[in-house]
Amino acid sequence: MKLLVFAAVAALPLCAQYSAKREGAVVRLEDASHQTTLAVAPAIGNFAFELKVKGHQVLRFPYASLEEFRKTPGLNGLPFLGPWANRLDELAFYANGKRYAFDMTLGNIRPGNAIHGFLSSTPDWTVIEAKADGKSAWVTSRLEFYRQPAWMAQFPFAHSIDMTYRLADGVLEVATTIRNMSAEPMPVAIGFHPYFQLTDSKREDWTVGVGAKTQWLLSPEKLPTGETRPIEKLFSNAQNIALKDHDLDDVFGDLVRDPAGRATMWVKGKAQKLEVIFGPNYRAAVIYSPSPAAGPANPTPQQVRNFICFEPMAGITNALNMAHKGTYKELQSIAAGGTWSESFWVHPSGF
């Protein structure tokens with residue numbers, strides 16, 4: 001009898017730790033052992049809008065549904081910024097010693113400071129694969145930039161972008177590979193603008209750690225002036241920052257690296273903690289967490305300022321144009337026919 005019972009139990013299918021499912025316009029990844037799920041919308045800029053750990057949503061997404069978000073879109077969740085991130089100091093950019101002026105009649109660039117490029121909500125990502133195995137669950141999508149004439153008119157470097165979201169051992173990895181199909185070197189100034197939140201406490205109770213040595217001083221227009229100062233001039237202890245004491249929208253460089261070349265930023269509440277780990281090719285970090293006191297008296301759910309953004313950036317704000325002027329030395333580029341790859345990771349704990 002015992003042998004028969006054992007045989008019957010052994011015949012039952014084992015519950016897989018990892019899964020990847022397509023649910024209409026959404027791809028959902030799950031790490032069952034760590035009770036972690038990720039939801040990605042490839043047709044809305046390929047952005048992740050849900051990262052749940054044991055039922056706690058750690059990405060800010062103050063909407064009841066994707067349909068509601070489509071009606072009043074904004075930067076929430078985990079958006080990709082390209083072909084440049086953050087602001088430029090003119091309606092043009094420089095590459096390889098040449099000035100490329102934007103055609104504002106095309107309507108795909110914001111007037112003023114041309115902030116965040118024009119890819120954050122594009123529907124043109126294609127899912128290449130969504131799979132799971134015994135080690136992880138992942139979805140890879142591709143954006144063929146070179147196919148869009150209106151994009152090439154503004155940023156005339158033919159390229160494609162592959163992005164992979166991967167859940168493994170309770171950690172989210174976001175990996176990006178850019179292939180330069182142009183005949184000239186292509187500058188790299190992309191970034192991500194993830195909005196993080198904790199659910200066991202409010203912003204006024206959070207502490208923060210910043211793995212950087214320098215802060216770039218900014219003009220009133222939030223553009224780097226070219227001057228830097230030690231991070232200690234802003235934070236007395238960059239590994240124990242009381243967030244309630246700061247209204248942050250700042251650019252940091254000279255990141256503190258571990259032996260693998262990775263830099264870590266973190267936020268902690270009562271018990272919950274999120275670490276955001278930057279790979280070596282993310283050379284700068286923007287940290288955005290505006291003070292609730294500076295917001296509206298009666299904010300809507302979309303206006304509530306209970307979040308912090310640790311933004312992995314290939315270069316500082318205005319890197320393209322500052323490199324041309326000689327005031328920024330770390331601008332990366334991809335040789336003709338070459339590739340650029342990097343990852344960042346989100347590691348939750350204490351949930």
# chains A, B, ... in the order shown; residues from 1 in each chain; ligands from 1
>>> residues_around(residues="segment 73-85 of chain A", least_positions_apart="6", cutoff="6 Å", atoms="only C-alpha atoms", output="ChimeraX atom specification")
/A:47-49,59-61,116-117,119-120,189-195
>>> closest_residue(among="A:Ile316, A:Leu88, A:Ile128, A:Met265", to="Arg110 of chain A", atoms="only C-alpha atoms")
A:Leu88
>>> residues_around(residues="segment 65-72 of chain A", least_positions_apart="3", cutoff="10 Å", atoms="only C-alpha atoms", output="ChimeraX atom specification")
/A:25-26,41,44,49,61-62,76,121,302
>>> select_by_dssp(residues="segment 11-92 of chain A", states="strand (DSSP E)", output="PyMOL selection string")
chain A and resi 18-23+26-31+36-41+47-53+56-57+80-81+92
>>> write_last_selection(atoms="N, CA and C atoms", output="PDB file, in the first residue's frame")
ATOM      1  N   TYR A  18       9.103  28.918 -11.804  1.00  0.00           N
ATOM      2  CA  TYR A  18       9.047  30.061 -12.717  1.00  0.00           C
ATOM      3  C   TYR A  18       8.022  29.834 -13.815  1.00  0.00           C
ATOM      4  N   SER A  19       7.368  30.926 -14.237  1.00  0.00           N
ATOM      5  CA  SER A  19       6.438  30.854 -15.363  1.00  0.00           C
ATOM      6  C   SER A  19       6.426  32.180 -16.095  1.00  0.00           C
ATOM      7  N   ALA A  20       6.098  32.119 -17.383  1.00  0.00           N
ATOM      8  CA  ALA A  20       5.934  33.305 -18.230  1.00  0.00           C
ATOM      9  C   ALA A  20       4.660  33.117 -19.029  1.00  0.00           C
ATOM     10  N   LYS A  21       3.719  34.032 -18.884  1.00  0.00           N
ATOM     11  CA  LYS A  21       2.422  33.900 -19.527  1.00  0.00           C
ATOM     12  C   LYS A  21       2.061  35.184 -20.268  1.00  0.00           C
ATOM     13  N   ARG A  22       1.399  34.997 -21.401  1.00  0.00           N
ATOM     14  CA  ARG A  22       0.843  36.151 -22.124  1.00  0.00           C
ATOM     15  C   ARG A  22      -0.631  36.248 -21.782  1.00  0.00           C
ATOM     16  N   GLU A  23      -1.036  37.396 -21.295  1.00  0.00           N
ATOM     17  CA  GLU A  23      -2.427  37.650 -20.929  1.00  0.00           C
ATOM     18  C   GLU A  23      -2.916  38.854 -21.721  1.00  0.00           C
ATOM     19  N   VAL A  26      -0.528  41.908 -22.100  1.00  0.00           N
ATOM     20  CA  VAL A  26       0.406  41.911 -20.976  1.00  0.00           C
ATOM     21  C   VAL A  26       1.183  40.599 -20.950  1.00  0.00           C
ATOM     22  N   VAL A  27       2.463  40.685 -20.619  1.00  0.00           N
ATOM     23  CA  VAL A  27       3.270  39.498 -20.333  1.00  0.00           C
ATOM     24  C   VAL A  27       3.538  39.483 -18.841  1.00  0.00           C
ATOM     25  N   ARG A  28       3.225  38.358 -18.202  1.00  0.00           N
ATOM     26  CA  ARG A  28       3.375  38.254 -16.761  1.00  0.00           C
ATOM     27  C   ARG A  28       4.399  37.168 -16.430  1.00  0.00           C
ATOM     28  N   LEU A  29       5.391  37.548 -15.640  1.00  0.00           N
ATOM     29  CA  LEU A  29       6.406  36.633 -15.154  1.00  0.00           C
ATOM     30  C   LEU A  29       6.150  36.333 -13.684  1.00  0.00           C
ATOM     31  N   GLU A  30       6.462  35.092 -13.267  1.00  0.00           N
ATOM     32  CA  GLU A  30       6.264  34.739 -11.861  1.00  0.00           C
ATOM     33  C   GLU A  30       7.425  33.894 -11.349  1.00  0.00           C
ATOM     34  N   ASP A  31       7.845  34.235 -10.143  1.00  0.00           N
ATOM     35  CA  ASP A  31       8.789  33.444  -9.369  1.00  0.00           C
ATOM     36  C   ASP A  31       8.010  32.984  -8.138  1.00  0.00           C
ATOM     37  N   THR A  36       6.954  36.474  -6.190  1.00  0.00           N
ATOM     38  CA  THR A  36       7.249  37.706  -6.920  1.00  0.00           C
ATOM     39  C   THR A  36       6.688  37.611  -8.329  1.00  0.00           C
ATOM     40  N   THR A  37       5.995  38.647  -8.759  1.00  0.00           N
ATOM     41  CA  THR A  37       5.446  38.701 -10.112  1.00  0.00           C
ATOM     42  C   THR A  37       5.803  40.030 -10.762  1.00  0.00           C
ATOM     43  N   LEU A  38       5.900  39.994 -12.077  1.00  0.00           N
ATOM     44  CA  LEU A  38       6.181  41.198 -12.873  1.00  0.00           C
ATOM     45  C   LEU A  38       5.218  41.224 -14.039  1.00  0.00           C
ATOM     46  N   ALA A  39       4.634  42.385 -14.304  1.00  0.00           N
ATOM     47  CA  ALA A  39       3.749  42.560 -15.454  1.00  0.00           C
ATOM     48  C   ALA A  39       4.327  43.623 -16.376  1.00  0.00           C
ATOM     49  N   VAL A  40       4.425  43.296 -17.665  1.00  0.00           N
ATOM     50  CA  VAL A  40       5.028  44.166 -18.674  1.00  0.00           C
ATOM     51  C   VAL A  40       4.011  44.415 -19.780  1.00  0.00           C
ATOM     52  N   ALA A  41       3.963  45.654 -20.263  1.00  0.00           N
ATOM     53  CA  ALA A  41       3.087  46.017 -21.379  1.00  0.00           C
ATOM     54  C   ALA A  41       3.959  46.356 -22.585  1.00  0.00           C
ATOM     55  N   PHE A  47       7.015  48.932 -21.003  1.00  0.00           N
ATOM     56  CA  PHE A  47       7.314  49.286 -19.618  1.00  0.00           C
ATOM     57  C   PHE A  47       6.666  48.284 -18.662  1.00  0.00           C
ATOM     58  N   ALA A  48       7.365  48.025 -17.572  1.00  0.00           N
ATOM     59  CA  ALA A  48       6.816  47.208 -16.497  1.00  0.00           C
ATOM     60  C   ALA A  48       5.970  48.110 -15.609  1.00  0.00           C
ATOM     61  N   PHE A  49       4.745  47.679 -15.322  1.00  0.00           N
ATOM     62  CA  PHE A  49       3.854  48.516 -14.518  1.00  0.00           C
ATOM     63  C   PHE A  49       3.466  47.839 -13.204  1.00  0.00           C
ATOM     64  N   GLU A  50       3.933  46.625 -13.015  1.00  0.00           N
ATOM     65  CA  GLU A  50       3.626  45.933 -11.766  1.00  0.00           C
ATOM     66  C   GLU A  50       4.794  45.041 -11.376  1.00  0.00           C
ATOM     67  N   LEU A  51       5.319  45.256 -10.196  1.00  0.00           N
ATOM     68  CA  LEU A  51       6.285  44.361  -9.582  1.00  0.00           C
ATOM     69  C   LEU A  51       5.783  44.121  -8.170  1.00  0.00           C
ATOM     70  N   LYS A  52       5.254  42.920  -7.938  1.00  0.00           N
ATOM     71  CA  LYS A  52       4.666  42.600  -6.652  1.00  0.00           C
ATOM     72  C   LYS A  52       5.522  41.561  -5.937  1.00  0.00           C
ATOM     73  N   VAL A  53       5.740  41.814  -4.645  1.00  0.00           N
ATOM     74  CA  VAL A  53       6.474  40.901  -3.781  1.00  0.00           C
ATOM     75  C   VAL A  53       5.545  40.533  -2.629  1.00  0.00           C
ATOM     76  N   HIS A  56       2.677  42.820  -2.392  1.00  0.00           N
ATOM     77  CA  HIS A  56       2.968  44.251  -2.230  1.00  0.00           C
ATOM     78  C   HIS A  56       3.493  44.822  -3.543  1.00  0.00           C
ATOM     79  N   GLN A  57       2.848  45.854  -4.043  1.00  0.00           N
ATOM     80  CA  GLN A  57       3.256  46.510  -5.282  1.00  0.00           C
ATOM     81  C   GLN A  57       4.393  47.476  -4.984  1.00  0.00           C
ATOM     82  N   PHE A  80      11.339  53.126 -20.090  1.00  0.00           N
ATOM     83  CA  PHE A  80      12.622  53.287 -20.794  1.00  0.00           C
ATOM     84  C   PHE A  80      12.656  54.661 -21.437  1.00  0.00           C
ATOM     85  N   LEU A  81      13.811  55.324 -21.367  1.00  0.00           N
ATOM     86  CA  LEU A  81      13.984  56.657 -21.944  1.00  0.00           C
ATOM     87  C   LEU A  81      15.021  56.590 -23.060  1.00  0.00           C
ATOM     88  N   ALA A  92      18.491  70.409 -30.142  1.00  0.00           N
ATOM     89  CA  ALA A  92      19.454  69.770 -31.033  1.00  0.00           C
ATOM     90  C   ALA A  92      20.384  68.952 -30.165  1.00  0.00           C
TER      91      ALA A  92
END
>>> closest_atom_pairs(of="segment 88-121 of chain A", to="segment 321-327 of chain A", cutoff="7 Å", atoms="only C-alpha atoms", output="JSON lines")
{"residue": "A:Phe93", "atom": "CA", "partner": "A:Asn321", "partner_atom": "CA", "distance": 5.8}
{"residue": "A:Tyr94", "atom": "CA", "partner": "A:Asn321", "partner_atom": "CA", "distance": 5.5}
{"residue": "A:Gly97", "atom": "CA", "partner": "A:His324", "partner_atom": "CA", "distance": 6.8}
>>> write_last_selection(atoms="C-alpha atoms", output="PDB file, in the first residue's frame")
ATOM      1  CA  PHE A  93      22.138  67.287 -30.057  1.00  0.00           C
ATOM      2  CA  TYR A  94      25.770  66.757 -31.046  1.00  0.00           C
ATOM      3  CA  GLY A  97      31.427  66.674 -34.042  1.00  0.00           C
TER       4      GLY A  97
END
>>> residues_around(residues="segment 212-226 of chain A", least_positions_apart="6", cutoff="9 Å", atoms="only C-alpha atoms", output="ChimeraX atom specification")
/A:87-89,113,232-234,238,249-257,263-265,284-285,316-318,322,327-328
>>> write_last_selection(atoms="C-alpha atoms", output="mmCIF file, in the first residue's frame")
data_model
loop_
_atom_site.group_PDB
_atom_site.id
_atom_site.type_symbol
_atom_site.label_atom_id
_atom_site.label_comp_id
_atom_site.auth_asym_id
_atom_site.auth_seq_id
_atom_site.Cartn_x
_atom_site.Cartn_y
_atom_site.Cartn_z
ATOM 1 C CA ARG A 87 16.972 67.216 -20.673
ATOM 2 C CA LEU A 88 19.019 68.772 -23.456
ATOM 3 C CA ASP A 89 20.151 72.393 -23.392
ATOM 4 C CA ASN A 113 14.163 71.056 -23.311
ATOM 5 C CA GLU A 232 29.094 64.892 1.539
ATOM 6 C CA LYS A 233 28.149 68.498 0.740
ATOM 7 C CA LEU A 234 24.567 67.297 0.200
ATOM 8 C CA ALA A 238 25.203 59.008 2.038
ATOM 9 C CA ASP A 249 15.889 65.821 -8.263
ATOM 10 C CA ASP A 250 19.646 65.425 -8.512
ATOM 11 C CA VAL A 251 22.360 63.946 -10.725
ATOM 12 C CA PHE A 252 25.163 61.834 -9.296
ATOM 13 C CA GLY A 253 28.366 60.485 -10.791
ATOM 14 C CA ASP A 254 31.552 58.705 -9.787
ATOM 15 C CA LEU A 255 29.472 55.765 -8.591
ATOM 16 C CA VAL A 256 30.841 53.560 -5.814
ATOM 17 C CA ARG A 257 31.583 50.173 -7.393
ATOM 18 C CA ALA A 263 26.921 50.301 -7.772
ATOM 19 C CA THR A 264 24.003 50.115 -5.336
ATOM 20 C CA MET A 265 21.277 52.550 -4.314
ATOM 21 C CA ALA A 284 25.380 58.072 -13.607
ATOM 22 C CA ALA A 285 22.300 58.083 -11.412
ATOM 23 C CA ILE A 316 24.464 62.403 -17.013
ATOM 24 C CA THR A 317 21.723 64.806 -18.037
ATOM 25 C CA ASN A 318 22.674 66.631 -21.279
ATOM 26 C CA MET A 322 28.221 68.520 -22.752
ATOM 27 C CA THR A 327 32.592 69.485 -20.086
ATOM 28 C CA TYR A 328 31.701 65.781 -19.817
#
>>> select_by_dssp(residues="segment 145-250 of chain A", states="helix (DSSP H, G or I)", output="list in words")
Phe145, Tyr146, Arg147, Pro149, Ala150, Trp151, Met152, Ala153, Gln154, Arg203, Glu204, Asp205, Ile231, Glu232, Lys233, Leu243, Lys244 and Asp245 of chain A
>>> closest_residue(among="A:Phe351, A:Trp345, A:Trp151, A:Tyr282", to="Thr122 of chain A", atoms="only C-alpha atoms")
A:Trp151
>>> residues_around(residues="Ile161 of chain A", least_positions_apart="5", cutoff="6 Å", atoms="only C-alpha atoms", output="list in words")
Arg142, Leu143, Thr177 and Ile178 of chain A
>>> atom_distance(atom1="atom CA of Trp206 of chain A", atom2="atom CA of Pro280 of chain A")
26.9 Å
>>> decode(residues="segment 192-225 of chain A", atoms="N, CA and C atoms", output="mmCIF file, in the first residue's frame")
data_model
loop_
_atom_site.group_PDB
_atom_site.id
_atom_site.type_symbol
_atom_site.label_atom_id
_atom_site.label_comp_id
_atom_site.auth_asym_id
_atom_site.auth_seq_id
_atom_site.Cartn_x
_atom_site.Cartn_y
_atom_site.Cartn_z
ATOM 1 N N PHE A 192 16.698 54.677 -17.680
ATOM 2 C CA PHE A 192 15.405 54.214 -17.178
ATOM 3 C C PHE A 192 14.973 55.138 -16.052
ATOM 4 N N HIS A 193 13.656 55.202 -15.855
ATOM 5 C CA HIS A 193 13.086 56.118 -14.847
ATOM 6 C C HIS A 193 12.123 55.346 -13.942
ATOM 7 N N PRO A 194 12.612 54.344 -13.207
ATOM 8 C CA PRO A 194 11.705 53.539 -12.389
ATOM 9 C C PRO A 194 11.214 54.271 -11.150
ATOM 10 N N TYR A 195 9.915 54.123 -10.881
ATOM 11 C CA TYR A 195 9.290 54.719 -9.707
ATOM 12 C C TYR A 195 9.065 53.618 -8.666
ATOM 13 N N PHE A 196 9.744 53.737 -7.532
ATOM 14 C CA PHE A 196 9.652 52.722 -6.497
ATOM 15 C C PHE A 196 8.856 53.238 -5.303
ATOM 16 N N GLN A 197 8.198 52.278 -4.635
ATOM 17 C CA GLN A 197 7.482 52.618 -3.423
ATOM 18 C C GLN A 197 7.575 51.453 -2.441
ATOM 19 N N LEU A 198 7.454 51.773 -1.161
ATOM 20 C CA LEU A 198 7.354 50.783 -0.107
ATOM 21 C C LEU A 198 5.945 50.850 0.467
ATOM 22 N N THR A 199 5.458 49.738 0.964
ATOM 23 C CA THR A 199 4.078 49.701 1.449
ATOM 24 C C THR A 199 3.973 49.587 2.966
ATOM 25 N N ASP A 200 5.103 49.447 3.662
ATOM 26 C CA ASP A 200 5.032 49.315 5.123
ATOM 27 C C ASP A 200 5.232 50.642 5.844
ATOM 28 N N SER A 201 5.357 51.731 5.076
ATOM 29 C CA SER A 201 5.607 53.042 5.679
ATOM 30 C C SER A 201 5.467 54.104 4.601
ATOM 31 N N LYS A 202 5.448 55.359 5.042
ATOM 32 C CA LYS A 202 5.375 56.498 4.131
ATOM 33 C C LYS A 202 6.772 57.064 3.868
ATOM 34 N N ARG A 203 6.852 57.891 2.832
ATOM 35 C CA ARG A 203 8.120 58.488 2.425
ATOM 36 C C ARG A 203 8.840 59.146 3.599
ATOM 37 N N GLU A 204 8.111 59.799 4.491
ATOM 38 C CA GLU A 204 8.743 60.522 5.597
ATOM 39 C C GLU A 204 9.484 59.594 6.563
ATOM 40 N N ASP A 205 9.213 58.296 6.460
ATOM 41 C CA ASP A 205 9.876 57.334 7.341
ATOM 42 C C ASP A 205 10.987 56.553 6.642
ATOM 43 N N TRP A 206 11.215 56.812 5.362
ATOM 44 C CA TRP A 206 12.182 56.024 4.616
ATOM 45 C C TRP A 206 13.602 56.547 4.835
ATOM 46 N N THR A 207 14.547 55.619 4.821
ATOM 47 C CA THR A 207 15.961 55.972 4.773
ATOM 48 C C THR A 207 16.532 55.476 3.448
ATOM 49 N N VAL A 208 17.584 56.145 3.005
ATOM 50 C CA VAL A 208 18.113 55.933 1.659
ATOM 51 C C VAL A 208 19.627 55.824 1.716
ATOM 52 N N GLY A 209 20.184 54.995 0.829
ATOM 53 C CA GLY A 209 21.621 54.928 0.632
ATOM 54 C C GLY A 209 21.967 55.219 -0.813
ATOM 55 N N VAL A 210 22.949 56.057 -1.029
ATOM 56 C CA VAL A 210 23.342 56.470 -2.380
ATOM 57 C C VAL A 210 24.794 56.084 -2.616
ATOM 58 N N GLY A 211 25.023 55.168 -3.552
ATOM 59 C CA GLY A 211 26.376 54.706 -3.855
ATOM 60 C C GLY A 211 27.058 55.581 -4.892
ATOM 61 N N ALA A 212 27.359 56.804 -4.521
ATOM 62 C CA ALA A 212 28.028 57.742 -5.424
ATOM 63 C C ALA A 212 28.955 58.633 -4.606
ATOM 64 N N LYS A 213 29.948 59.196 -5.290
ATOM 65 C CA LYS A 213 30.910 60.058 -4.614
ATOM 66 C C LYS A 213 30.716 61.529 -4.939
ATOM 67 N N THR A 214 30.095 61.841 -6.082
ATOM 68 C CA THR A 214 29.976 63.239 -6.485
ATOM 69 C C THR A 214 28.560 63.581 -6.913
ATOM 70 N N GLN A 215 28.223 64.833 -6.749
ATOM 71 C CA GLN A 215 26.962 65.387 -7.208
ATOM 72 C C GLN A 215 27.260 66.424 -8.281
ATOM 73 N N TRP A 216 26.527 66.371 -9.392
ATOM 74 C CA TRP A 216 26.641 67.391 -10.427
ATOM 75 C C TRP A 216 25.751 68.564 -10.049
ATOM 76 N N LEU A 217 26.324 69.756 -10.001
ATOM 77 C CA LEU A 217 25.538 70.947 -9.710
ATOM 78 C C LEU A 217 24.676 71.297 -10.911
ATOM 79 N N LEU A 218 23.442 71.740 -10.635
ATOM 80 C CA LEU A 218 22.464 71.984 -11.687
ATOM 81 C C LEU A 218 22.072 73.449 -11.750
ATOM 82 N N SER A 219 21.730 73.882 -12.948
ATOM 83 C CA SER A 219 21.175 75.221 -13.148
ATOM 84 C C SER A 219 19.704 75.218 -12.730
ATOM 85 N N PRO A 220 19.058 76.379 -12.678
ATOM 86 C CA PRO A 220 17.621 76.403 -12.365
ATOM 87 C C PRO A 220 16.787 75.582 -13.348
ATOM 88 N N GLU A 221 17.323 75.341 -14.540
ATOM 89 C CA GLU A 221 16.620 74.527 -15.542
ATOM 90 C C GLU A 221 16.915 73.040 -15.390
ATOM 91 N N LYS A 222 17.582 72.660 -14.303
ATOM 92 C CA LYS A 222 17.931 71.258 -14.004
ATOM 93 C C LYS A 222 18.928 70.690 -15.003
ATOM 94 N N LEU A 223 19.823 71.530 -15.493
ATOM 95 C CA LEU A 223 20.888 71.105 -16.404
ATOM 96 C C LEU A 223 22.229 71.195 -15.678
ATOM 97 N N PRO A 224 23.092 70.199 -15.807
ATOM 98 C CA PRO A 224 24.403 70.276 -15.169
ATOM 99 C C PRO A 224 25.192 71.488 -15.651
ATOM 100 N N THR A 225 25.817 72.166 -14.715
ATOM 101 C CA THR A 225 26.612 73.343 -15.052
ATOM 102 C C THR A 225 28.022 72.982 -15.492
#
